[in-house]
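Structure record follows, encoded as structure tokens.
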Amino acid sequence: MFQIRKLSDTFGAEILGLDLSREFDDATYAGLKKAYAEHSVLLLRGQKMSDERHVEFSRRFGELEIHVLREYVSPEYPELYRIGNLKDADGKPIAIPDAGAYWHADLSYTSRPSRGSIMQSHTIPVRDGKALGDTLFCSTAAIWDALPAALKQKIELLKAVHRFWDRYIASRKAAGQDVTISPERRAGMPDVEHPMVKLHPETKRRCLFVNEGFTLSVVGLPAVESRALLDELFSYIGRAETVYRHSWQVGDVVMWDNWSTQHALTVDYRPDEPRFMQRTTLMGSAVF
Ligand SMILES: [Fe+2]
């Protein structure tokens with residue numbers, strides 16, 4: 001069917017011997033689903049999925065989201081969200097530049113956080129023979145396991161608020177763009193509350209579910225205490241022992257679990273060094 005090679009001691013695996021551009025049998029999909037749940041991040045190198053096939057392959061893992069930032073989805077296949085710094089002939093960005101340069105889980109700010117994302121790389125910046133724009137992944141299941149008992153107990157029953165727009169506006173400002181969000185658009189993506197610790201329905205492992213990108217505050221705590229608790233938890237995210245650093249090659253397909261991992265882009269390339277990726281986003285369930 002395919003071979004599995006681990007990417008780190010704690011999580012992540014490379015799948016070898018599978019060409020995603022061609023359809024394969026149900027048993028292979030079942031094997032991939034099992035590996036996806038078990039390893040949280042799957043890497044498949046040297047792939048050439050067409051846009052149509054990317055969507056079709058992704059659908060085998062669940063229903064797909066269409067990203068709220070409609071200006072950055074593919075016109076032909078809106079399930080494909082475009083990330084990178086490419087522009088059209090008129091100089092208008094066709095993708096969201098430098099998205100996710102902070103620890104986050106995709107769509108944690110929605111009431112049903114995304115199950116996972118499936119990204120294919122199309123253009124990767126390379127300087128002096130070295131690929132730039134690595135993505136860091138960490139295991140929120142491993143982080144939960146490593147938390148001190150007292151901290152686990154403290155957050156076990158707490159909830160936190162997640163918000164999309166603040167982060168979006170801040171990242172656009174950092175890129176020199178001034179964006180205003182209409183009240184209607186803001187109302188379409190309101191703040192949500194999630195338990196700070198969630199049980200992964202497939203692996204039955206507990207996962208820390210707060211992230212630097214979108215988690216705003218802890219419900220029921222005074223502002224100072226809330227900030228201190230979040231900062232303490234964020235300090236566990238990105239520690240070397242729970243991180244897998246992915247150096248991209250053109251044709252990489254990476255499937256990550258948004259419930260048991262977080263990720264962050266490393267922006268070490270210039271705006272004139274082209275980078276282009278497309279991703280589908282698997283809808284979440286009410287269970288998580
Ligand atoms: Fe992301």
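Here, A, B, ... name the chains of the structure tokens in the order displayed, residue numbers run from 1 inside each chain, and ligands are numbered from 1 in the same displayed order.
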> So which residues touch region 47-56 of chain A within 10 Å, counting only C-alpha atoms, skipping near sequence neighbours fewer than 4 positions away, as an MDAnalysis selection string?
Replying inline: chainID A and resid 18:23 60:61 64 74 76:80 118:122 250:253 278:281
>> Give me the residues near Asp268 (chain A) as number ranges by chain, where near means some atom within 9 Å (using only C-alpha atoms) and where sequence neighbours in that chain fewer than 3 positions away do not count.
In response: A: 132-134
Using only N, CA, C and O atoms, please write the residues we just selected to a file, as a PDB file, in the first residue's frame.
ATOM      1  N   LEU A 132      13.532  28.470   1.824  1.00  0.00           N
ATOM      2  CA  LEU A 132      13.112  29.392   2.882  1.00  0.00           C
ATOM      3  C   LEU A 132      11.621  29.181   3.173  1.00  0.00           C
ATOM      4  O   LEU A 132      10.925  28.497   2.419  1.00  0.00           O
ATOM      5  N   GLY A 133      11.144  29.797   4.250  1.00  0.00           N
ATOM      6  CA  GLY A 133       9.716  29.711   4.579  1.00  0.00           C
ATOM      7  C   GLY A 133       9.317  28.376   5.184  1.00  0.00           C
ATOM      8  O   GLY A 133       8.252  27.833   4.877  1.00  0.00           O
ATOM      9  N   ASP A 134      10.175  27.846   6.063  1.00  0.00           N
ATOM     10  CA  ASP A 134       9.832  26.588   6.753  1.00  0.00           C
ATOM     11  C   ASP A 134       8.551  26.757   7.568  1.00  0.00           C
ATOM     12  O   ASP A 134       8.234  27.861   8.028  1.00  0.00           O
TER      13      ASP A 134
END
Wanna dump the chain A-ligand 1 contacts at 8 Å for me, each residue with its shortest atom pair and the distance in Å to one decimal, counting only C-alpha atoms and all ligand atoms, ordered by chain and number, as JSON lines?
{"residue": "A:Ala99", "atom": "CA", "partner": "ligand 1", "partner_atom_place_in_ligand_line": "1 (Fe)", "distance": 6.9}
{"residue": "A:Gly100", "atom": "CA", "partner": "ligand 1", "partner_atom_place_in_ligand_line": "1 (Fe)", "distance": 5.0}
{"residue": "A:His104", "atom": "CA", "partner": "ligand 1", "partner_atom_place_in_ligand_line": "1 (Fe)", "distance": 6.4}
{"residue": "A:Ala105", "atom": "CA", "partner": "ligand 1", "partner_atom_place_in_ligand_line": "1 (Fe)", "distance": 6.1}
{"residue": "A:Asp106", "atom": "CA", "partner": "ligand 1", "partner_atom_place_in_ligand_line": "1 (Fe)", "distance": 4.8}
{"residue": "A:His263", "atom": "CA", "partner": "ligand 1", "partner_atom_place_in_ligand_line": "1 (Fe)", "distance": 6.4}
{"residue": "A:Ala264", "atom": "CA", "partner": "ligand 1", "partner_atom_place_in_ligand_line": "1 (Fe)", "distance": 6.9}
{"residue": "A:Leu265", "atom": "CA", "partner": "ligand 1", "partner_atom_place_in_ligand_line": "1 (Fe)", "distance": 7.9}
> Within 9 Å of His194 (chain A), counting only C-alpha atoms, which residues qualify if same-chain residues fewer than 5 places away don't, as an MDAnalysis selection string?
Replying inline: chainID A and resid 108:109 111 158:162 209:210
> What is the CA of Leu44 (chain A) to CA of Phe57 (chain A) distance in Å?
Replying inline: 13.1 Å
> Looking only at the backbone, which of the residues in region 8-179 of chain A does DSSP tag as alpha helix (DSSP H), as a ChimeraX atom specification?
Replying inline: /A:26-39,51-59,140-146,149-155,165-174
Output file for the selection above: C-alpha atoms, as an mmCIF file, in the first residue's frame:
data_model
loop_
_atom_site.group_PDB
_atom_site.id
_atom_site.type_symbol
_atom_site.label_atom_id
_atom_site.label_comp_id
_atom_site.auth_asym_id
_atom_site.auth_seq_id
_atom_site.Cartn_x
_atom_site.Cartn_y
_atom_site.Cartn_z
ATOM 1 C CA ASP A 26 -10.698 2.422 -0.254
ATOM 2 C CA ALA A 27 -8.253 0.299 1.727
ATOM 3 C CA THR A 28 -5.464 2.791 0.947
ATOM 4 C CA TYR A 29 -7.659 5.702 2.066
ATOM 5 C CA ALA A 30 -8.460 3.805 5.252
ATOM 6 C CA GLY A 31 -4.733 3.261 5.814
ATOM 7 C CA LEU A 32 -4.038 6.965 5.265
ATOM 8 C CA LYS A 33 -6.798 7.975 7.683
ATOM 9 C CA LYS A 34 -5.352 5.679 10.321
ATOM 10 C CA ALA A 35 -1.842 7.087 9.790
ATOM 11 C CA TYR A 36 -3.242 10.659 9.859
ATOM 12 C CA ALA A 37 -4.886 10.099 13.253
ATOM 13 C CA GLU A 38 -1.868 8.283 14.636
ATOM 14 C CA HIS A 39 0.897 10.662 13.469
ATOM 15 C CA ASP A 51 -6.498 21.621 -8.468
ATOM 16 C CA GLU A 52 -9.470 19.366 -9.189
ATOM 17 C CA ARG A 53 -7.688 16.325 -7.756
ATOM 18 C CA HIS A 54 -6.538 18.275 -4.665
ATOM 19 C CA VAL A 55 -10.179 19.007 -3.858
ATOM 20 C CA GLU A 56 -11.326 15.483 -4.741
ATOM 21 C CA PHE A 57 -8.567 13.839 -2.644
ATOM 22 C CA SER A 58 -9.337 16.142 0.313
ATOM 23 C CA ARG A 59 -13.050 15.278 0.171
ATOM 24 C CA THR A 140 -0.563 19.840 21.383
ATOM 25 C CA ALA A 141 -1.097 16.297 22.676
ATOM 26 C CA ALA A 142 2.594 16.052 23.627
ATOM 27 C CA ILE A 143 2.426 19.542 25.158
ATOM 28 C CA TRP A 144 -0.563 18.573 27.291
ATOM 29 C CA ASP A 145 1.251 15.441 28.468
ATOM 30 C CA ALA A 146 4.290 17.537 29.477
ATOM 31 C CA ALA A 149 0.094 18.573 37.103
ATOM 32 C CA ALA A 150 -0.959 21.770 38.896
ATOM 33 C CA LEU A 151 -1.256 23.644 35.603
ATOM 34 C CA LYS A 152 -3.253 20.799 34.056
ATOM 35 C CA GLN A 153 -5.650 20.896 36.978
ATOM 36 C CA LYS A 154 -5.980 24.676 36.778
ATOM 37 C CA ILE A 155 -7.011 24.766 33.108
ATOM 38 C CA TRP A 165 -10.314 39.630 13.080
ATOM 39 C CA ASP A 166 -7.720 41.167 15.458
ATOM 40 C CA ARG A 167 -5.022 38.867 14.156
ATOM 41 C CA TYR A 168 -6.021 39.423 10.557
ATOM 42 C CA ILE A 169 -5.990 43.219 10.866
ATOM 43 C CA ALA A 170 -2.641 43.145 12.728
ATOM 44 C CA SER A 171 -0.987 40.938 10.118
ATOM 45 C CA ARG A 172 -2.243 43.102 7.253
ATOM 46 C CA LYS A 173 -0.990 46.236 9.055
ATOM 47 C CA ALA A 174 2.413 44.607 9.479
#
>> Can you tell me, as a PyMOL selection string, which residues in region 69-216 of chain A count as strand (DSSP E) by DSSP?
In response: chain A and resi 81-84+116-123+126-127+130-131+135-139+159-162+192-195+197-199+206-208+215-216
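Between CA of Glu241 (chain A) and CA of Gly17 (chain A) there is a distance of 28.5 Å.
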>> Please list as JSON, numbers by chain every residue within 12 Å of Lys87 (chain A), counting only C-alpha atoms and excluding residues in the same chain fewer than 5 positions away.
In response: {"A": [72, 82, 92, 93, 94, 95, 96, 97, 271, 272, 274, 275, 276]}
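As for CA of Ile4 (chain A) and CA of Leu43 (chain A), they are spaced 9.7 Å apart.
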